[in-house]
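Have a look at protein21.cif below; it lists mmCIF, C-alpha atoms; chains and numbers go by the auth columns.
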data_run
#
loop_
_atom_site.group_PDB
_atom_site.id
_atom_site.type_symbol
_atom_site.label_atom_id
_atom_site.label_comp_id
_atom_site.label_asym_id
_atom_site.label_seq_id
_atom_site.Cartn_x
_atom_site.Cartn_y
_atom_site.Cartn_z
_atom_site.B_iso_or_equiv
_atom_site.auth_seq_id
_atom_site.auth_asym_id
ATOM 1 C CA MET A 1 0.000 0.000 0.000 0.00 3 F
ATOM 2 C CA ASP A 2 1.221 3.490 -0.831 0.00 4 F
ATOM 3 C CA GLU A 3 2.618 5.013 2.363 0.00 5 F
ATOM 4 C CA ASN A 4 1.235 8.402 1.351 0.00 6 F
ATOM 5 C CA ILE A 5 -2.306 7.280 2.036 0.00 7 F
ATOM 6 C CA VAL A 6 -1.551 5.801 5.451 0.00 8 F
ATOM 7 C CA PRO A 7 -2.461 8.377 8.132 0.00 9 F
ATOM 8 C CA ASP A 8 0.537 9.895 9.859 0.00 10 F
ATOM 9 C CA VAL A 9 -0.949 9.044 13.252 0.00 11 F
ATOM 10 C CA VAL A 10 -0.722 5.365 12.273 0.00 12 F
ATOM 11 C CA ILE A 11 2.928 5.713 11.241 0.00 13 F
ATOM 12 C CA SER A 12 3.665 7.427 14.564 0.00 14 F
ATOM 13 C CA ARG A 13 2.453 4.360 16.468 0.00 15 F
ATOM 14 C CA LEU A 14 4.537 1.806 14.552 0.00 16 F
ATOM 15 C CA PRO A 15 7.826 2.512 16.413 0.00 17 F
ATOM 16 C CA TRP A 16 6.016 1.930 19.716 0.00 18 F
ATOM 17 C CA TYR A 17 4.718 -1.397 18.407 0.00 19 F
ATOM 18 C CA LEU A 18 8.207 -2.345 17.262 0.00 20 F
ATOM 19 C CA GLN A 19 9.842 -1.404 20.562 0.00 21 F
ATOM 20 C CA THR A 20 7.274 -3.392 22.553 0.00 22 F
ATOM 21 C CA LEU A 21 7.593 -6.422 20.274 0.00 23 F
ATOM 22 C CA LYS A 22 11.350 -6.464 20.828 0.00 24 F
ATOM 23 C CA GLN A 23 10.813 -6.313 24.587 0.00 25 F
ATOM 24 C CA ILE A 24 8.386 -9.238 24.381 0.00 26 F
ATOM 25 C CA ALA A 25 10.854 -11.188 22.233 0.00 27 F
ATOM 26 C CA ASP A 26 13.539 -10.620 24.874 0.00 28 F
ATOM 27 C CA GLU A 27 11.206 -12.314 27.364 0.00 29 F
ATOM 28 C CA GLY A 28 11.383 -15.469 25.248 0.00 30 F
ATOM 29 C CA MET A 29 7.969 -15.282 23.609 0.00 31 F
ATOM 30 C CA GLN A 30 7.599 -16.295 19.955 0.00 32 F
ATOM 31 C CA THR A 31 4.000 -15.268 19.276 0.00 33 F
ATOM 32 C CA VAL A 32 1.786 -12.534 20.653 0.00 34 F
ATOM 33 C CA SER A 33 -1.905 -11.727 20.391 0.00 35 F
ATOM 34 C CA SER A 34 -3.181 -8.276 19.573 0.00 36 F
ATOM 35 C CA SER A 35 -4.830 -8.276 23.018 0.00 37 F
ATOM 36 C CA LEU A 36 -1.561 -8.836 24.874 0.00 38 F
ATOM 37 C CA LEU A 37 0.241 -6.318 22.692 0.00 39 F
ATOM 38 C CA ALA A 38 -2.521 -3.799 23.365 0.00 40 F
ATOM 39 C CA GLU A 39 -2.287 -4.432 27.115 0.00 41 F
ATOM 40 C CA LYS A 40 1.423 -3.676 27.125 0.00 42 F
ATOM 41 C CA LEU A 41 0.929 -0.563 24.987 0.00 43 F
ATOM 42 C CA GLY A 42 -2.098 0.799 26.810 0.00 44 F
ATOM 43 C CA SER A 43 -4.033 0.608 23.549 0.00 45 F
ATOM 44 C CA THR A 44 -6.778 -1.646 22.174 0.00 46 F
ATOM 45 C CA ALA A 45 -6.562 -4.823 20.124 0.00 47 F
ATOM 46 C CA THR A 46 -8.891 -3.299 17.559 0.00 48 F
ATOM 47 C CA GLN A 47 -6.615 -0.290 17.133 0.00 49 F
ATOM 48 C CA ILE A 48 -3.548 -2.452 16.622 0.00 50 F
ATOM 49 C CA ARG A 49 -5.251 -4.729 14.095 0.00 51 F
ATOM 50 C CA ARG A 50 -6.596 -1.713 12.225 0.00 52 F
ATOM 51 C CA ASP A 51 -3.176 -0.044 12.116 0.00 53 F
ATOM 52 C CA LEU A 52 -1.403 -3.166 10.871 0.00 54 F
ATOM 53 C CA SER A 53 -4.086 -3.858 8.271 0.00 55 F
ATOM 54 C CA ASN A 54 -2.869 -0.768 6.403 0.00 56 F
ATOM 55 C CA PHE A 55 0.177 -2.815 5.397 0.00 57 F
ATOM 56 C CA GLY A 56 -1.307 -6.265 4.886 0.00 58 F
ATOM 57 C CA GLY A 57 -2.184 -9.234 7.067 0.00 59 F
ATOM 58 C CA PHE A 58 0.543 -10.292 9.477 0.00 60 F
ATOM 59 C CA GLY A 59 -1.370 -12.423 11.968 0.00 61 F
ATOM 60 C CA LYS A 60 -3.561 -15.511 11.882 0.00 62 F
ATOM 61 C CA GLN A 61 -7.006 -15.827 13.418 0.00 63 F
ATOM 62 C CA GLY A 62 -6.693 -17.419 16.829 0.00 64 F
ATOM 63 C CA ARG A 63 -2.892 -17.684 16.650 0.00 65 F
ATOM 64 C CA GLY A 64 -1.778 -14.075 16.882 0.00 66 F
ATOM 65 C CA TYR A 65 1.414 -12.691 15.386 0.00 67 F
ATOM 66 C CA THR A 66 4.767 -14.382 14.962 0.00 68 F
ATOM 67 C CA ILE A 67 6.938 -11.874 16.787 0.00 69 F
ATOM 68 C CA ASP A 68 10.148 -12.189 14.752 0.00 70 F
ATOM 69 C CA ASN A 69 8.205 -11.928 11.505 0.00 71 F
ATOM 70 C CA LEU A 70 6.249 -8.886 12.645 0.00 72 F
ATOM 71 C CA ILE A 71 9.446 -7.182 13.860 0.00 73 F
ATOM 72 C CA GLU A 72 11.009 -7.735 10.446 0.00 74 F
ATOM 73 C CA GLU A 73 7.915 -6.441 8.645 0.00 75 F
ATOM 74 C CA LEU A 74 7.738 -3.292 10.776 0.00 76 F
ATOM 75 C CA GLU A 75 11.443 -2.598 10.309 0.00 77 F
ATOM 76 C CA ASN A 76 10.950 -2.861 6.538 0.00 78 F
ATOM 77 C CA ILE A 77 7.918 -0.554 6.653 0.00 79 F
ATOM 78 C CA LEU A 78 9.908 1.986 8.675 0.00 80 F
ATOM 79 C CA ASN A 79 12.902 1.712 6.310 0.00 81 F
ATOM 80 C CA MET A 80 15.034 0.308 9.091 0.00 82 F
ATOM 81 C CA ASP A 81 16.479 -2.373 6.814 0.00 83 F
ATOM 82 C CA ARG A 82 19.500 -0.102 6.218 0.00 84 F
ATOM 83 C CA ILE A 83 21.689 2.359 8.125 0.00 85 F
ATOM 84 C CA TRP A 84 20.693 6.010 7.682 0.00 86 F
ATOM 85 C CA PRO A 85 23.461 8.578 8.248 0.00 87 F
ATOM 86 C CA MET A 86 22.350 11.783 9.932 0.00 88 F
ATOM 87 C CA ILE A 87 23.867 15.032 11.135 0.00 89 F
ATOM 88 C CA ILE A 88 23.553 17.035 14.320 0.00 90 F
ATOM 89 C CA VAL A 89 23.639 20.832 14.125 0.00 91 F
ATOM 90 C CA GLY A 90 24.676 22.352 17.440 0.00 92 F
ATOM 91 C CA ALA A 91 27.564 20.914 19.436 0.00 93 F
ATOM 92 C CA GLY A 92 26.517 22.141 22.862 0.00 94 F
ATOM 93 C CA ASP A 93 25.758 19.857 25.795 0.00 95 F
ATOM 94 C CA LEU A 94 22.692 18.303 24.152 0.00 96 F
ATOM 95 C CA GLY A 95 24.269 17.925 20.727 0.00 97 F
ATOM 96 C CA ARG A 96 27.339 16.266 22.209 0.00 98 F
ATOM 97 C CA ALA A 97 25.230 13.911 24.294 0.00 99 F
ATOM 98 C CA LEU A 98 23.222 12.875 21.245 0.00 100 F
ATOM 99 C CA ALA A 99 26.388 12.396 19.206 0.00 101 F
ATOM 100 C CA ARG A 100 27.672 9.987 21.875 0.00 102 F
ATOM 101 C CA TYR A 101 24.378 8.107 22.235 0.00 103 F
ATOM 102 C CA GLN A 102 24.942 4.471 21.289 0.00 104 F
ATOM 103 C CA GLY A 103 21.256 3.588 20.944 0.00 105 F
ATOM 104 C CA PHE A 104 20.997 5.012 17.438 0.00 106 F
ATOM 105 C CA GLN A 105 23.181 2.254 16.026 0.00 107 F
ATOM 106 C CA ASN A 106 20.655 -0.448 16.845 0.00 108 F
ATOM 107 C CA GLN A 107 17.796 1.468 15.268 0.00 109 F
ATOM 108 C CA GLY A 108 19.045 1.943 11.723 0.00 110 F
ATOM 109 C CA LEU A 109 20.638 5.347 12.397 0.00 111 F
ATOM 110 C CA LYS A 110 24.181 6.656 12.603 0.00 112 F
ATOM 111 C CA VAL A 111 25.448 10.123 13.506 0.00 113 F
ATOM 112 C CA ALA A 112 27.789 10.892 10.615 0.00 114 F
ATOM 113 C CA MET A 113 28.664 14.545 11.254 0.00 115 F
ATOM 114 C CA LEU A 114 28.368 17.257 13.887 0.00 116 F
ATOM 115 C CA PHE A 115 28.260 20.977 13.063 0.00 117 F
ATOM 116 C CA ASP A 116 28.622 24.232 14.979 0.00 118 F
ATOM 117 C CA ASN A 117 29.844 27.792 14.367 0.00 119 F
ATOM 118 C CA ALA A 118 31.543 28.609 17.670 0.00 120 F
ATOM 119 C CA PRO A 119 35.304 29.093 17.129 0.00 121 F
ATOM 120 C CA ASP A 120 36.170 27.282 20.366 0.00 122 F
ATOM 121 C CA VAL A 121 33.980 24.303 19.398 0.00 123 F
ATOM 122 C CA VAL A 122 34.716 23.817 15.688 0.00 124 F
ATOM 123 C CA GLY A 123 37.543 21.334 15.270 0.00 125 F
ATOM 124 C CA THR A 124 37.085 19.661 18.654 0.00 126 F
ATOM 125 C CA LEU A 125 36.382 15.949 18.964 0.00 127 F
ATOM 126 C CA VAL A 126 33.148 14.442 20.238 0.00 128 F
ATOM 127 C CA GLY A 127 33.819 10.738 20.460 0.00 129 F
ATOM 128 C CA LYS A 128 35.227 9.956 17.016 0.00 130 F
ATOM 129 C CA LEU A 129 33.534 12.916 15.327 0.00 131 F
ATOM 130 C CA ARG A 130 35.343 16.185 14.695 0.00 132 F
ATOM 131 C CA VAL A 131 32.998 19.173 14.829 0.00 133 F
ATOM 132 C CA LYS A 132 32.703 20.845 11.419 0.00 134 F
ATOM 133 C CA HIS A 133 31.791 24.470 10.725 0.00 135 F
ATOM 134 C CA VAL A 134 28.242 25.125 9.567 0.00 136 F
ATOM 135 C CA ASP A 135 29.656 26.911 6.535 0.00 137 F
ATOM 136 C CA SER A 136 30.516 23.498 5.105 0.00 138 F
ATOM 137 C CA MET A 137 27.206 21.918 6.070 0.00 139 F
ATOM 138 C CA ARG A 138 25.330 22.452 2.798 0.00 140 F
ATOM 139 C CA GLU A 139 28.050 20.852 0.690 0.00 141 F
ATOM 140 C CA GLU A 140 28.625 18.000 3.163 0.00 142 F
ATOM 141 C CA VAL A 141 24.916 17.146 3.228 0.00 143 F
ATOM 142 C CA LYS A 142 24.634 17.218 -0.538 0.00 144 F
ATOM 143 C CA SER A 143 27.786 15.246 -1.283 0.00 145 F
ATOM 144 C CA ASN A 144 26.973 12.560 1.294 0.00 146 F
ATOM 145 C CA ARG A 145 23.274 12.438 0.341 0.00 147 F
ATOM 146 C CA ILE A 146 22.188 12.782 3.958 0.00 148 F
ATOM 147 C CA LYS A 147 18.424 12.985 4.540 0.00 149 F
ATOM 148 C CA ILE A 148 18.086 13.333 8.321 0.00 150 F
ATOM 149 C CA ALA A 149 19.193 16.125 10.670 0.00 151 F
ATOM 150 C CA ILE A 150 18.882 16.888 14.367 0.00 152 F
ATOM 151 C CA ILE A 151 18.799 20.557 15.395 0.00 153 F
ATOM 152 C CA THR A 152 20.011 21.502 18.888 0.00 154 F
ATOM 153 C CA VAL A 153 20.830 25.176 18.300 0.00 155 F
ATOM 154 C CA PRO A 154 19.294 28.179 20.141 0.00 156 F
ATOM 155 C CA ALA A 155 15.786 29.202 19.115 0.00 157 F
ATOM 156 C CA ASN A 156 16.917 32.348 17.307 0.00 158 F
ATOM 157 C CA SER A 157 19.115 30.298 14.951 0.00 159 F
ATOM 158 C CA ALA A 158 16.885 27.277 14.362 0.00 160 F
ATOM 159 C CA GLN A 159 14.817 28.530 11.427 0.00 161 F
ATOM 160 C CA GLU A 160 17.882 29.721 9.520 0.00 162 F
ATOM 161 C CA ILE A 161 19.542 26.345 10.065 0.00 163 F
ATOM 162 C CA ALA A 162 16.378 24.537 8.990 0.00 164 F
ATOM 163 C CA ASP A 163 16.225 26.568 5.776 0.00 165 F
ATOM 164 C CA LEU A 164 19.832 25.676 4.976 0.00 166 F
ATOM 165 C CA LEU A 165 19.185 22.012 5.679 0.00 167 F
ATOM 166 C CA VAL A 166 16.120 21.853 3.459 0.00 168 F
ATOM 167 C CA GLU A 167 17.995 23.614 0.680 0.00 169 F
ATOM 168 C CA ALA A 168 20.749 21.013 0.995 0.00 170 F
ATOM 169 C CA GLY A 169 18.272 18.143 0.604 0.00 171 F
ATOM 170 C CA ILE A 170 17.371 17.188 4.174 0.00 172 F
ATOM 171 C CA GLN A 171 13.951 15.497 4.263 0.00 173 F
ATOM 172 C CA ALA A 172 13.497 14.862 7.995 0.00 174 F
ATOM 173 C CA ILE A 173 14.343 17.109 10.948 0.00 175 F
ATOM 174 C CA LEU A 174 14.248 16.315 14.657 0.00 176 F
ATOM 175 C CA ASN A 175 14.086 19.737 16.300 0.00 177 F
ATOM 176 C CA TYR A 176 15.131 20.260 19.916 0.00 178 F
ATOM 177 C CA ALA A 177 15.157 24.048 19.606 0.00 179 F
ATOM 178 C CA PRO A 178 12.238 25.648 21.529 0.00 180 F
ATOM 179 C CA VAL A 179 10.626 27.109 18.421 0.00 181 F
ATOM 180 C CA THR A 180 8.250 25.860 15.734 0.00 182 F
ATOM 181 C CA LEU A 181 9.973 25.489 12.387 0.00 183 F
ATOM 182 C CA VAL A 182 8.251 26.442 9.139 0.00 184 F
ATOM 183 C CA VAL A 183 9.316 24.217 6.241 0.00 185 F
ATOM 184 C CA GLN A 184 7.805 22.928 3.018 0.00 186 F
ATOM 185 C CA SER A 185 5.229 20.173 3.355 0.00 187 F
ATOM 186 C CA SER A 186 7.527 17.538 1.848 0.00 188 F
ATOM 187 C CA VAL A 187 9.895 17.839 4.836 0.00 189 F
ATOM 188 C CA ARG A 188 8.972 15.976 8.006 0.00 190 F
ATOM 189 C CA VAL A 189 9.654 17.827 11.257 0.00 191 F
ATOM 190 C CA GLN A 190 9.336 16.418 14.756 0.00 192 F
ATOM 191 C CA HIS A 191 9.563 18.949 17.586 0.00 193 F
ATOM 192 C CA ILE A 192 10.881 17.874 20.973 0.00 194 F
ATOM 193 C CA ASP A 193 10.741 20.423 23.772 0.00 195 F
ATOM 194 C CA PRO A 194 11.107 18.714 27.188 0.00 196 F
ATOM 195 C CA THR A 195 9.921 21.876 28.957 0.00 197 F
ATOM 196 C CA LEU A 196 6.564 21.793 27.176 0.00 198 F
ATOM 197 C CA HIS A 197 6.050 18.133 28.056 0.00 199 F
ATOM 198 C CA LEU A 198 6.921 18.807 31.680 0.00 200 F
ATOM 199 C CA GLN A 199 4.555 21.764 31.808 0.00 201 F
ATOM 200 C CA ARG A 200 1.773 19.552 30.500 0.00 202 F
ATOM 201 C CA MET A 201 2.417 17.022 33.271 0.00 203 F
ATOM 202 C CA LEU A 202 2.444 19.722 35.948 0.00 204 F
ATOM 203 C CA TYR A 203 -1.305 20.062 35.460 0.00 205 F
ATOM 204 C CA TYR A 204 -1.838 16.570 36.863 0.00 206 F
ATOM 205 C CA LEU A 205 0.381 16.892 39.948 0.00 207 F
ATOM 206 C CA ASP A 206 -1.025 17.153 43.450 0.00 208 F
ATOM 207 C CA GLU A 207 -0.296 20.353 45.344 0.00 209 F
ATOM 208 C CA TYR A 208 2.501 20.136 47.908 0.00 210 F
#
Take the structure I supplied and represent it as structure tokens, if you would.
Amino acid sequence: MDENIVPDVVISRLPWYLQTLKQIADEGMQTVSSSLLAEKLGSTATQIRRDLSNFGGFGKQGRGYTIDNLIEELENILNMDRIWPMIIVGAGDLGRALARYQGFQNQGLKVAMLFDNAPDVVGTLVGKLRVKHVDSMREEVKSNRIKIAIITVPANSAQEIADLLVEAGIQAILNYAPVTLVVQSSVRVQHIDPTLHLQRMLYYLDEY
């Protein structure tokens, strides 16, 4: 089925399904029902079956899903059957932490380059990566055909960086800057602002 007609909200749930399936597999299980999967996800069996039906039939009536097979299918759907190089723009504390994060390697992702414009940062090493100047970013992205970028720069620089990235051919941006980016509709942007998530949770806390 053409991915363009699958609702984005469905795509957003697939990584959660995949993560949970891997956890279940680590427990030694070989098959799982949509009911058990829903219980672990806090969802419903109907929702899971409906989501997966967008991509074909993976389970059998009364027998559930073969976990290894479903993991493989979801990884193929999510284009995780290869390693995707990505860049990080902003080599501050957060950018450096993300560059060192080993979890990307098991999820089909690899931090290939790290960029900044601070004179005392450019040229320094973060793990095995040497920080490059943003002036070279456009050419580096183009020549290496990189499609994914993470932005960890201050809010007042984020839109300018995003524009440069899109111009260079970036198709997906994970934005940690506390500002909403405006890009063309063909570019996927995911905003992550921990402060906003924490503020949302504050509403539910008891007074102290």
Residues near range 39-43 of chain F, cut-off 9 Å, all atoms listed in the file, skip fewer than 5 positions along chain, as a VMD selection string: chain F and resid 18 to 19 22 to 23 26 34 48 to 50
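This file gives the following result for the PyMOL selection byres ((chain F and resi 151) around 6): Met88, Ile89, Ile90, Ile150, Ile152 and Ile175 of chain F.
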Expected file contents, prior selection, C-alpha atoms, as an mmCIF file, in the frame of the given file:
data_model
loop_
_atom_site.group_PDB
_atom_site.id
_atom_site.type_symbol
_atom_site.label_atom_id
_atom_site.label_comp_id
_atom_site.auth_asym_id
_atom_site.auth_seq_id
_atom_site.Cartn_x
_atom_site.Cartn_y
_atom_site.Cartn_z
ATOM 1 C CA MET F 88 22.350 11.783 9.932
ATOM 2 C CA ILE F 89 23.867 15.032 11.135
ATOM 3 C CA ILE F 90 23.553 17.035 14.320
ATOM 4 C CA ILE F 150 18.086 13.333 8.321
ATOM 5 C CA ILE F 152 18.882 16.888 14.367
ATOM 6 C CA ILE F 175 14.343 17.109 10.948
#
Reference answer for the PyMOL selection byres ((chain F and resi 180) around 9), as a list in words: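 Output of the PyMOL selection byres ((chain F and resi 180) around 9): Pro156, Ala157, Ala160, Asn177, Tyr178, Ala179, Val181, Thr182, His193, Ile194, Asp195, Thr197 and Leu198 of chain F.
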Residues within 12 Å of (9.2, 5.1, 13.6), counting all atoms listed in the file, listed as a PyMOL selection string: chain F and resi 10-21+76-82+109-111+192
Which is closer to Asp28 in chain F than all the others in F:Asp70, F:Asp165, F:Asp118, F:Glu209, using all atoms listed in the file?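 The answer is F:Asp70, which sits nearest to Asp28 in chain F.
Across the model, the gap from CA of Gln107 in chain F to CA of Glu141 in chain F is 24.6 Å.
Between Thr154 in chain F and the candidates F:Ala120, F:Leu100, F:Val168, F:Leu200, the tightest atom-to-atom separation, counting all atoms listed in the file, involves F:Leu100.
Put simply, CA of Thr68 in chain F is 28.3 Å away from CA of Gln104 in chain F.
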Put the listed atoms of range 94-104 of chain F in a box along x, y and z with 6 Å added on every side and give me the centre and edge lengths in Å to one decimal, as lines of an AutoDock Vina configuration file.
center_x = 25.2
center_y = 13.3
center_z = 22.5
size_x = 17.0
size_y = 29.7
size_z = 18.6
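Comparing F:Pro9, F:Val133, F:Tyr67, F:Tyr205 by their smallest distance to Leu38 in chain F, the closest is F:Tyr67 (using all atoms listed in the file).
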Skipping near chain neighbours, those fewer than 6 positions away, what residues fall within 8 Å of Leu183 in chain F using all atoms listed in the file, listed as a short mmCIF file (atom, residue, chain, number, x, y, z; two decimals) with C-alpha atoms, in the frame of the given file?
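That gives us part27.cif:
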data_model
loop_
_atom_site.label_atom_id
_atom_site.label_comp_id
_atom_site.auth_asym_id
_atom_site.auth_seq_id
_atom_site.Cartn_x
_atom_site.Cartn_y
_atom_site.Cartn_z
CA ALA F 160 16.89 27.28 14.36
CA GLN F 161 14.82 28.53 11.43
CA ALA F 164 16.38 24.54 8.99
CA VAL F 191 9.65 17.83 11.26
#
Distance of CA of Glu74 in chain F from CA of Arg52 in chain F, expressed in Å to one decimal place: 18.7 Å
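Compared by their closest atoms to Val143 in chain F, and using all atoms listed in the file, the residues F:Pro87, F:Gly92, F:Gly125, F:Gly66 rank with F:Pro87 nearest.
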Using the chain letters and numbers from this file, what does the PyMOL selection byres ((chain F and resi 138) around 12) select? Give the answer as number ranges by chain. F: 91, 115-119, 124, 133-137, 139-145, 166-167, 170
